[in-house]
$ cat work_28.txt   # compact mmCIF, C-alpha atoms
# COMPACT_ATOMS: atom_id res chain seq x y z
CA MET A 1 32.58 -36.30 -3.61
CA ARG A 2 33.03 -34.98 -0.08
CA ARG A 3 33.39 -31.39 -1.30
CA SER A 4 30.27 -31.69 -3.48
CA LEU A 5 28.20 -32.92 -0.56
CA LEU A 6 29.52 -30.12 1.63
CA ARG A 7 28.56 -27.52 -0.96
CA VAL A 8 25.05 -28.98 -1.32
CA GLY A 9 24.61 -28.96 2.46
CA CYS A 10 25.75 -25.34 2.78
CA PHE A 11 23.45 -24.28 -0.05
CA LEU A 12 20.42 -25.95 1.52
CA ALA A 13 21.27 -24.54 4.94
CA ALA A 14 21.41 -21.03 3.44
CA ILE A 15 17.93 -21.54 1.95
CA VAL A 16 16.57 -22.62 5.34
CA VAL A 17 18.04 -19.52 7.03
CA ALA A 18 16.66 -17.17 4.35
CA ILE A 19 13.16 -18.64 4.59
CA SER A 20 13.28 -18.43 8.39
CA ILE A 21 14.20 -14.73 8.25
CA ALA A 22 11.45 -14.03 5.72
CA SER A 23 8.96 -15.88 7.88
CA ALA A 24 9.97 -13.88 10.96
CA GLN A 25 9.59 -10.59 9.05
CA ASP A 26 6.22 -11.71 7.73
CA ASP A 27 5.03 -12.54 11.26
CA GLY A 28 6.26 -9.17 12.51
CA GLN A 29 4.37 -7.31 9.80
CA ARG A 30 1.25 -9.37 10.47
CA LYS A 31 1.33 -8.44 14.14
CA LYS A 32 1.88 -4.76 13.39
CA GLY A 33 -0.50 -4.48 10.43
CA LEU A 34 0.69 -1.69 8.17
CA LEU A 35 4.19 -0.57 9.05
CA GLN A 36 3.50 3.11 9.77
CA GLN A 37 0.56 5.19 10.85
CA ILE A 38 -0.25 8.82 11.47
CA GLU A 39 -3.32 9.27 13.60
CA SER A 40 -3.94 12.88 14.57
CA SER A 41 -6.76 14.61 16.33
CA LEU A 42 -7.32 17.99 14.72
CA LYS A 43 -8.80 19.43 17.88
CA GLY A 44 -6.97 22.29 19.56
CA GLU A 45 -4.16 24.62 18.59
CA GLY A 46 -1.59 22.25 20.08
CA GLU A 47 -2.32 19.66 17.39
CA LYS A 48 -1.00 21.88 14.60
CA ARG A 49 2.29 20.46 13.35
CA PRO A 50 5.23 22.49 11.97
CA GLU A 51 5.12 20.78 8.58
CA TRP A 52 1.44 21.58 8.08
CA LYS A 53 0.32 24.80 6.40
CA PHE A 54 -2.90 26.55 5.41
CA VAL A 55 -3.59 26.93 1.68
CA GLY A 56 -6.11 28.88 -0.41
CA PRO A 57 -7.25 32.52 -0.66
CA ASN A 58 -7.26 34.35 2.68
CA SER A 59 -6.59 31.00 4.37
CA ASN A 60 -5.11 32.48 7.57
CA ASN A 61 -8.47 34.13 8.28
CA VAL A 62 -10.90 31.41 7.15
CA VAL A 63 -8.99 28.32 8.35
CA LYS A 64 -8.41 27.83 12.09
CA PHE A 65 -7.64 25.17 14.66
CA GLU A 66 -10.32 25.23 17.35
CA PRO A 67 -10.96 23.03 20.40
CA GLU A 68 -13.58 21.13 18.38
CA GLY A 69 -11.37 20.61 15.31
CA LEU A 70 -9.97 22.19 12.13
CA ARG A 71 -12.61 24.70 11.07
CA ILE A 72 -12.95 26.04 7.52
CA LYS A 73 -15.48 28.85 7.17
CA LEU A 74 -15.84 30.19 3.62
CA PRO A 75 -18.25 33.15 3.37
CA THR A 76 -20.23 34.36 0.38
CA GLY A 77 -18.80 36.85 -2.04
CA THR A 78 -16.35 34.76 -4.09
CA PRO A 79 -17.38 34.78 -7.76
CA LYS A 80 -17.33 31.52 -9.69
CA GLU A 81 -15.39 28.67 -8.04
CA ARG A 82 -13.17 29.28 -5.00
CA PRO A 83 -9.80 27.44 -5.07
CA ASN A 84 -9.41 24.63 -2.53
CA THR A 85 -8.93 26.21 0.89
CA GLY A 86 -7.82 24.31 3.97
CA LEU A 87 -4.88 22.30 5.34
CA SER A 88 -1.89 20.88 3.45
CA THR A 89 -0.10 18.16 5.45
CA GLY A 90 2.94 17.71 3.16
CA VAL A 91 2.91 13.96 3.82
CA HIS A 92 4.80 11.78 1.31
CA ILE A 93 3.74 8.16 0.82
CA LYS A 94 5.28 5.39 -1.26
CA GLY A 95 3.17 2.41 -2.29
CA ASP A 96 -0.22 1.40 -0.91
CA PHE A 97 -2.06 3.55 1.60
CA GLU A 98 -5.30 4.20 3.46
CA ILE A 99 -6.30 7.80 4.26
CA SER A 100 -9.49 8.86 6.06
CA ALA A 101 -10.84 11.94 7.83
CA SER A 102 -13.97 12.77 9.83
CA TYR A 103 -15.99 15.86 8.88
CA GLU A 104 -18.91 17.85 10.25
CA ILE A 105 -20.80 20.41 8.14
CA LEU A 106 -22.12 23.21 10.34
CA ASP A 107 -23.68 25.34 7.59
CA GLU A 108 -23.79 25.18 3.80
CA GLN A 109 -25.53 27.15 1.10
CA GLU A 110 -25.26 26.33 -2.57
CA SER A 111 -25.20 29.03 -5.21
CA VAL A 112 -28.31 29.45 -7.31
CA GLU A 113 -26.35 31.10 -10.11
CA LYS A 114 -26.68 29.40 -13.45
CA GLY A 115 -23.70 27.12 -14.11
CA ALA A 116 -22.29 27.58 -10.59
CA LYS A 117 -20.47 24.59 -9.10
CA SER A 118 -21.21 22.88 -5.78
CA THR A 119 -20.12 23.60 -2.24
CA ALA A 120 -17.93 20.74 -0.97
CA VAL A 121 -15.88 19.25 1.87
CA GLN A 122 -12.96 17.36 0.31
CA LEU A 123 -10.24 14.82 1.04
CA ILE A 124 -7.55 15.30 -1.64
CA VAL A 125 -4.50 13.16 -2.48
CA ASN A 126 -1.86 14.67 -4.81
CA VAL A 127 0.65 12.42 -6.58
CA GLU A 128 3.99 13.13 -8.24
CA ASP A 129 3.46 11.59 -11.67
CA PRO A 130 1.76 12.58 -13.90
CA PRO A 131 2.27 16.16 -12.65
CA ASN A 132 -0.72 17.88 -11.02
CA THR A 133 -2.61 14.59 -10.73
CA ARG A 134 -4.93 14.12 -7.75
CA ALA A 135 -7.74 11.95 -6.44
CA VAL A 136 -10.67 13.54 -4.61
CA VAL A 137 -13.61 12.27 -2.56
CA ALA A 138 -16.06 14.94 -1.38
CA ARG A 139 -19.30 15.51 0.51
CA ARG A 140 -21.07 18.30 -1.34
CA VAL A 141 -24.39 20.06 -1.80
CA HIS A 142 -25.82 21.12 -5.15
CA ALA A 143 -28.75 23.41 -5.93
CA LYS A 144 -30.41 20.73 -8.06
CA GLY A 145 -29.00 17.49 -6.66
CA GLY A 146 -29.07 18.33 -2.94
CA MET A 147 -26.65 16.49 -0.62
CA GLN A 148 -24.26 14.24 -2.53
CA PHE A 149 -20.93 12.42 -2.45
CA SER A 150 -18.59 12.76 -5.40
CA THR A 151 -15.43 10.97 -6.53
CA TRP A 152 -12.98 12.18 -9.14
CA SER A 153 -9.41 11.94 -10.38
CA ASN A 154 -7.46 13.25 -13.37
CA LEU A 155 -7.52 9.73 -14.79
CA GLN A 156 -11.22 8.88 -14.21
CA PRO A 157 -14.55 10.68 -14.74
CA PHE A 158 -16.60 12.56 -12.13
CA LYS A 159 -19.15 10.36 -10.28
CA LEU A 160 -22.05 11.23 -7.94
CA PHE A 161 -23.73 9.31 -5.10
CA PRO A 162 -26.54 10.21 -2.66
CA ALA A 163 -25.79 11.57 0.84
CA THR A 164 -28.15 11.88 3.81
CA THR A 165 -26.41 13.44 6.84
CA PRO A 166 -24.12 16.44 7.53
CA THR A 167 -21.49 14.34 9.36
CA GLY A 168 -19.41 11.35 8.39
CA ARG A 169 -16.01 10.12 7.28
CA LEU A 170 -14.28 10.16 3.88
CA ARG A 171 -11.72 7.53 2.87
CA ILE A 172 -9.32 6.88 -0.02
CA VAL A 173 -7.46 3.55 -0.36
CA ARG A 174 -4.81 2.71 -2.96
CA THR A 175 -3.70 -0.82 -3.83
CA GLY A 176 -1.10 -0.92 -6.60
CA ASP A 177 -2.52 1.37 -9.29
CA THR A 178 -6.14 0.95 -8.17
CA ILE A 179 -7.87 3.53 -5.99
CA THR A 180 -11.04 3.02 -3.95
CA PHE A 181 -13.28 5.78 -2.57
CA SER A 182 -15.52 5.12 0.45
CA ARG A 183 -17.73 7.02 2.88
CA SER A 184 -19.25 6.46 6.29
CA GLU A 185 -22.22 8.55 7.39
CA GLU A 186 -23.53 9.19 10.89
CA GLY A 187 -25.15 6.04 12.25
CA ASP A 188 -23.73 3.74 9.54
CA GLY A 189 -21.00 2.26 11.70
CA LYS A 190 -19.07 1.05 8.65
CA PHE A 191 -17.60 2.25 5.36
CA MET A 192 -19.54 1.88 2.14
CA MET A 193 -17.62 1.80 -1.13
CA LEU A 194 -18.49 4.53 -3.61
CA SER A 195 -16.27 3.63 -6.57
CA THR A 196 -13.08 1.85 -7.60
CA ASP A 197 -10.97 3.23 -10.45
CA LYS A 198 -7.60 2.84 -12.12
CA PHE A 199 -5.18 5.47 -10.87
CA THR A 200 -1.37 5.59 -10.63
CA ALA A 201 1.16 3.97 -8.29
CA SER A 202 3.26 7.16 -8.25
CA ASP A 203 4.41 8.57 -4.89
CA VAL A 204 1.98 10.74 -2.96
CA VAL A 205 3.41 14.25 -2.39
CA ASP A 206 0.60 15.82 -0.33
CA VAL A 207 -2.67 15.09 1.47
CA LYS A 208 -5.14 17.96 1.84
CA LEU A 209 -8.31 18.61 3.83
CA ALA A 210 -10.15 21.42 2.08
CA CYS A 211 -13.43 23.14 1.27
CA THR A 212 -14.57 25.00 -1.82
CA THR A 213 -17.56 27.06 -2.98
CA GLY A 214 -19.03 27.75 -6.39
CA GLY A 215 -20.69 31.11 -6.96
CA ALA A 216 -20.87 34.49 -5.25
CA ASP A 217 -23.81 33.56 -2.99
CA ALA A 218 -22.43 30.15 -1.95
CA LYS A 219 -20.91 29.55 1.49
CA ILE A 220 -19.80 26.67 3.71
CA ASP A 221 -18.86 26.28 7.36
CA ALA A 222 -17.31 22.86 8.10
CA ARG A 223 -15.00 21.15 10.52
CA PHE A 224 -12.53 18.24 10.25
CA THR A 225 -12.02 16.47 13.59
CA ASP A 226 -9.32 13.87 12.87
CA LEU A 227 -6.99 12.52 10.20
CA ARG A 228 -5.69 8.96 9.85
CA ILE A 229 -2.99 7.95 7.36
CA ARG A 230 -1.63 4.40 7.06
CA GLY A 231 1.04 3.18 4.68
CA ALA A 232 4.14 1.04 4.32
CA ASN A 233 6.42 4.06 3.81
CA LEU A 234 5.56 7.50 5.19
CA SER A 235 8.10 10.33 4.99
CA ASN A 236 8.52 14.11 5.10
CA THR A 237 6.43 14.36 8.23
CA LYS A 238 7.07 14.66 11.94
CA ALA A 239 3.78 13.06 12.85
CA ALA A 240 3.96 10.14 15.27
CA LYS A 241 4.61 6.74 13.74
CA LEU A 242 2.88 4.05 15.76
CA PRO A 243 4.42 0.54 15.65
CA GLU A 244 1.12 -1.09 16.56
CA PRO A 245 -1.75 0.94 15.09
CA ALA A 246 -5.17 0.54 16.62
CA ALA A 247 -7.88 -1.18 14.61
CA PRO A 248 -10.20 1.07 12.58
CA GLU A 249 -13.36 2.19 14.31
CA GLU A 250 -15.43 1.15 11.31
CA ALA A 251 -15.40 -2.24 9.62
CA ALA A 252 -14.51 -1.91 5.95
CA PRO A 253 -16.06 -4.09 3.21
CA PRO A 254 -13.68 -6.61 1.57
CA GLU A 255 -13.49 -4.70 -1.70
CA ALA A 256 -12.27 -1.54 0.02
CA ALA A 257 -9.83 -3.08 2.46
CA VAL A 258 -6.13 -2.31 2.36
CA PRO A 259 -4.19 -5.52 1.63
CA GLN A 260 -2.75 -7.07 4.75
CA PRO A 261 0.37 -9.23 5.00
CA ALA A 262 0.22 -12.95 4.33
CA SER A 263 -2.54 -14.92 6.05
CA SER A 264 -2.05 -17.76 8.51
CA SER A 265 -2.32 -20.32 5.70
CA SER A 266 0.89 -18.94 4.18
CA SER A 267 2.62 -19.37 7.55
CA TRP A 268 1.79 -23.07 7.56
CA LEU A 269 3.09 -23.31 4.01
CA ILE A 270 6.39 -21.77 5.10
CA VAL A 271 6.60 -24.17 8.07
CA PHE A 272 6.07 -27.21 5.82
CA LEU A 273 8.61 -25.85 3.32
CA ILE A 274 11.25 -25.40 6.02
CA GLY A 275 10.54 -28.90 7.36
CA GLY A 276 10.84 -30.42 3.90
CA ILE A 277 14.17 -28.71 3.25
CA ALA A 278 15.47 -29.85 6.64
CA LEU A 279 14.54 -33.47 5.80
CA LEU A 280 16.23 -33.11 2.43
CA VAL A 281 19.41 -31.85 4.10
CA PHE A 282 19.34 -34.80 6.52
CA PHE A 283 18.77 -37.30 3.71
CA VAL A 284 21.59 -35.93 1.54
CA THR A 285 23.98 -35.93 4.51
CA ALA A 286 23.09 -39.53 5.47
CA VAL A 287 23.53 -40.80 1.91
CA GLY A 288 26.86 -39.00 1.62
CA LEU A 289 28.22 -40.49 4.84
CA THR A 290 27.09 -43.98 3.82
CA ILE A 291 28.85 -43.70 0.47
CA LEU A 292 32.04 -42.47 2.14
CA LEU A 293 32.04 -45.39 4.62
CA LEU A 294 31.42 -47.98 1.91
CA LYS A 295 34.24 -46.56 -0.20
CA ARG A 296 36.59 -46.34 2.78
CA ARG A 297 36.28 -50.03 3.87
CA PRO A 298 37.55 -51.64 0.64
CA ASN A 299 40.41 -49.13 0.61
CA GLN A 300 41.42 -50.22 4.13
CA GLU A 301 41.39 -53.89 3.13
CA LYS A 302 43.49 -53.18 0.04
CA ALA A 303 46.02 -51.23 2.10
CA ALA A 304 46.26 -54.05 4.60
CA ALA A 305 46.83 -56.63 1.85
CA ALA A 306 49.54 -54.49 0.33
CA ASN A 307 51.44 -54.47 3.65
CA GLY A 308 51.11 -58.26 4.10
CA ASP A 309 48.56 -57.71 6.84
CA GLY A 310 45.31 -59.64 7.19
CA VAL A 311 41.74 -58.85 8.16
CA PHE A 312 39.42 -61.56 9.51
CA ALA A 313 36.26 -61.85 11.61
CA CYS A 314 36.49 -62.73 15.32
CA SER A 315 35.06 -66.23 15.90
CA GLU A 316 33.51 -65.03 19.19
CA CYS A 317 31.96 -61.61 18.48
CA GLY A 318 32.07 -61.54 14.67
CA LYS A 319 33.74 -58.12 14.44
CA SER A 320 36.63 -57.49 12.08
CA LEU A 321 40.22 -57.84 13.33
CA LYS A 322 43.31 -56.58 11.62
CA VAL A 323 46.60 -58.43 12.17
CA LYS A 324 50.04 -58.04 10.75
CA GLY A 325 51.43 -60.60 8.36
CA GLY A 326 53.76 -62.08 10.99
CA MET A 327 50.83 -63.07 13.25
CA ALA A 328 49.26 -65.54 10.78
CA GLY A 329 48.53 -68.91 12.50
CA LYS A 330 48.97 -67.43 16.00
CA GLN A 331 46.52 -66.53 18.74
CA VAL A 332 45.60 -62.89 19.06
CA LYS A 333 43.40 -61.07 21.55
CA CYS A 334 40.22 -59.53 20.13
CA PRO A 335 40.09 -55.84 21.16
CA HIS A 336 36.27 -55.95 21.00
CA CYS A 337 35.34 -58.98 23.15
CA GLY A 338 38.69 -59.77 24.83
CA ASN A 339 38.75 -63.45 23.78
CA LYS A 340 41.79 -65.10 22.21
CA VAL A 341 41.25 -66.32 18.67
CA LEU A 342 43.45 -68.01 16.08
CA ALA A 343 44.56 -65.73 13.24
CA PRO A 344 44.12 -67.57 9.92
CA VAL A 345 47.01 -68.06 7.54

$ encode --input "work_28.txt" --output "structure tokens"
Amino acid sequence: MRRSLLRVGCFLAAIVVAISIASAQDDGQRKKGLLQQIESSLKGEGEKRPEWKFVGPNSNNVVKFEPEGLRIKLPTGTPKERPNTGLSTGVHIKGDFEISASYEILDEQESVEKGAKSTAVQLIVNVEDPPNTRAVVARRVHAKGGMQFSTWSNLQPFKLFPATTPTGRLRIVRTGDTITFSRSEEGDGKFMMLSTDKFTASDVVDVKLACTTGGADAKIDARFTDLRIRGANLSNTKAAKLPEPAAPEEAAPPEAAVPQPASSSSSWLIVFLIGGIALLVFFVTAVGLTILLLKRRPNQEKAAAANGDGVFACSECGKSLKVKGGMAGKQVKCPHCGNKVLAPV
């Protein structure tokens, strides 16, 4: 019985410790927000990191870091559609993430050729599986549609939305296998969701900031000024990881928000759970001790009877006295109250 109670107590104590550790980790994550963050200004040559590289045709001449930001200037003269040209960060991300970048379009001219594609500023996320899969949100201009936003992935169709200004911010958020595209234009002060689609939870293998043109007479001159990446597991990058990331400048709508750790209500639930387990441990221990004492007293009386000894209550204080068989009928001193009482026969 004693061993069983000890095992139950140890098991319950282990549960209490495990929940306490989980609660402490949960509180730590809540204070820090997402575990890792890369927040880089793209202004100035000094901001260029060793793991970053320029991509696209003639990229070393048309992509440059300037004091005002990462500038991508694609001239006319490229027939049909120009491959994405800009910056590859090489960032790897596991799980959920939030990626956003600010842009400024200095000059843009859409091709008037029949069937030519649009000129665009793009935020691109490439994933590992399926191969060559990516998600793209872009600010573009089209000969017929004018200024527009577009969203697209290999797993979802192309979608268009109206745009009004040449500056703003593009954002992509992934939660599980769902991806959300958002934009913020000059003067908005907050993100507006464009679309939400099913995507893939596969690891991200690269994040790109790029421009493209469609047609020989199309051109674009644009600038990215900053890049912000948040996620629970960032790797393959030497960018600074901030333990306490600053709050976003813009307030995001609920449907586009990256999931945060457990709310305060869950903390109270954990507190009540720990308290309940502690009470259960106390109750089991108290019941076990009571049972042991009740079982021990009859055993003591039986042992005394077997030795010819006697147990009787003190006539003065009422507490039990144990006397040897040879003391029956004689006066003995009570060890509890000090009075002399007559031991019964």

$ residues_near_point --input "work_28.txt" --point "(4.0, 8.5, -8.5)" --cutoff "12 Å" --atoms "all atoms listed in the file" --output "PDB file with C-alpha atoms, in the coordinates of the input"
ATOM      1  CA  HIS A  92       4.800  11.780   1.310  1.00  0.00           C
ATOM      2  CA  ILE A  93       3.740   8.160   0.820  1.00  0.00           C
ATOM      3  CA  LYS A  94       5.280   5.390  -1.260  1.00  0.00           C
ATOM      4  CA  GLY A  95       3.170   2.410  -2.290  1.00  0.00           C
ATOM      5  CA  ASP A  96      -0.220   1.400  -0.910  1.00  0.00           C
ATOM      6  CA  VAL A 125      -4.500  13.160  -2.480  1.00  0.00           C
ATOM      7  CA  ASN A 126      -1.860  14.670  -4.810  1.00  0.00           C
ATOM      8  CA  VAL A 127       0.650  12.420  -6.580  1.00  0.00           C
ATOM      9  CA  GLU A 128       3.990  13.130  -8.240  1.00  0.00           C
ATOM     10  CA  ASP A 129       3.460  11.590 -11.670  1.00  0.00           C
ATOM     11  CA  PRO A 130       1.760  12.580 -13.900  1.00  0.00           C
ATOM     12  CA  PRO A 131       2.270  16.160 -12.650  1.00  0.00           C
ATOM     13  CA  ASN A 132      -0.720  17.880 -11.020  1.00  0.00           C
ATOM     14  CA  THR A 133      -2.610  14.590 -10.730  1.00  0.00           C
ATOM     15  CA  ARG A 134      -4.930  14.120  -7.750  1.00  0.00           C
ATOM     16  CA  ARG A 174      -4.810   2.710  -2.960  1.00  0.00           C
ATOM     17  CA  GLY A 176      -1.100  -0.920  -6.600  1.00  0.00           C
ATOM     18  CA  ASP A 177      -2.520   1.370  -9.290  1.00  0.00           C
ATOM     19  CA  PHE A 199      -5.180   5.470 -10.870  1.00  0.00           C
ATOM     20  CA  THR A 200      -1.370   5.590 -10.630  1.00  0.00           C
ATOM     21  CA  ALA A 201       1.160   3.970  -8.290  1.00  0.00           C
ATOM     22  CA  SER A 202       3.260   7.160  -8.250  1.00  0.00           C
ATOM     23  CA  ASP A 203       4.410   8.570  -4.890  1.00  0.00           C
ATOM     24  CA  VAL A 204       1.980  10.740  -2.960  1.00  0.00           C
ATOM     25  CA  VAL A 205       3.410  14.250  -2.390  1.00  0.00           C
ATOM     26  CA  ASP A 206       0.600  15.820  -0.330  1.00  0.00           C
TER      27      ASP A 206
END

$ atom_distance --input "work_28.txt" --atom1 "CA of Gly90 in chain A" --atom2 "CA of Pro157 in chain A"
26.0 Å

$ atom_distance --input "work_28.txt" --atom1 "CA of Glu68 in chain A" --atom2 "CA of Arg223 in chain A"
8.0 Å

$ closest_residue --input "work_28.txt" --among "A:Thr213, A:Asn61, A:Ser102, A:Ser235" --to "Arg140 in chain A" --atoms "only C-alpha atoms"
A:Thr213

$ atom_distance --input "work_28.txt" --atom1 "CA of Val137 in chain A" --atom2 "CA of Ile38 in chain A"
19.7 Å

$ closest_residue --input "work_28.txt" --among "A:Val62, A:Ile72, A:Ala232, A:Ile172" --to "Gln36 in chain A" --atoms "all atoms listed in the file"
A:Ala232

$ closest_residue --input "work_28.txt" --among "A:Cys317, A:Leu155, A:Cys211, A:Ala163" --to "Glu81 in chain A" --atoms "all atoms listed in the file"
A:Cys211

$ closest_residue --input "work_28.txt" --among "A:Ala120, A:Met193, A:Val311, A:Leu87" --to "Val323 in chain A" --atoms "only C-alpha atoms"
A:Val311

$ closest_residue --input "work_28.txt" --among "A:Pro79, A:Asp197, A:Leu74, A:His142" --to "Phe158 in chain A" --atoms "all atoms listed in the file"
A:Asp197

$ closest_residue --input "work_28.txt" --among "A:Glu66, A:Asp226, A:Glu108, A:Glu186" --to "Thr212 in chain A" --atoms "all atoms listed in the file"
A:Glu108

$ residues_around --input "work_28.txt" --residues "Lys43 in chain A" --least-positions-apart "2" --cutoff "8 Å" --atoms "only C-alpha atoms" --output "list in words"
Ser41, Glu45, Glu47, Phe65, Glu66, Pro67, Glu68, Gly69, Leu70, Thr225 and Asp226 of chain A

$ write_last_selection --input "work_28.txt" --atoms "C-alpha atoms" --output "PDB file, keeping the file's coordinate frame"
ATOM      1  CA  SER A  41      -6.760  14.610  16.330  1.00  0.00           C
ATOM      2  CA  GLU A  45      -4.160  24.620  18.590  1.00  0.00           C
ATOM      3  CA  GLU A  47      -2.320  19.660  17.390  1.00  0.00           C
ATOM      4  CA  PHE A  65      -7.640  25.170  14.660  1.00  0.00           C
ATOM      5  CA  GLU A  66     -10.320  25.230  17.350  1.00  0.00           C
ATOM      6  CA  PRO A  67     -10.960  23.030  20.400  1.00  0.00           C
ATOM      7  CA  GLU A  68     -13.580  21.130  18.380  1.00  0.00           C
ATOM      8  CA  GLY A  69     -11.370  20.610  15.310  1.00  0.00           C
ATOM      9  CA  LEU A  70      -9.970  22.190  12.130  1.00  0.00           C
ATOM     10  CA  THR A 225     -12.020  16.470  13.590  1.00  0.00           C
ATOM     11  CA  ASP A 226      -9.320  13.870  12.870  1.00  0.00           C
TER      12      ASP A 226
END

$ residues_around --input "work_28.txt" --residues "Arg230 in chain A" --least-positions-apart "3" --cutoff "7 Å" --atoms "only C-alpha atoms" --output "JSON list (two decimals) with C-alpha atoms, keeping the file's coordinate frame"
[["chain", "number", "residue", "atom", "x", "y", "z"],
["A", 34, "LEU", "CA", 0.69, -1.69, 8.17],
["A", 36, "GLN", "CA", 3.50, 3.11, 9.77],
["A", 37, "GLN", "CA", 0.56, 5.19, 10.85],
["A", 38, "ILE", "CA", -0.25, 8.82, 11.47],
["A", 97, "PHE", "CA", -2.06, 3.55, 1.60],
["A", 98, "GLU", "CA", -5.30, 4.20, 3.46],
["A", 99, "ILE", "CA", -6.30, 7.80, 4.26]]

$ residues_around --input "work_28.txt" --residues "Thr76 in chain A" --least-positions-apart "5" --cutoff "10 Å" --atoms "only C-alpha atoms" --output "ChimeraX atom specification"
/A:109-111,213-220
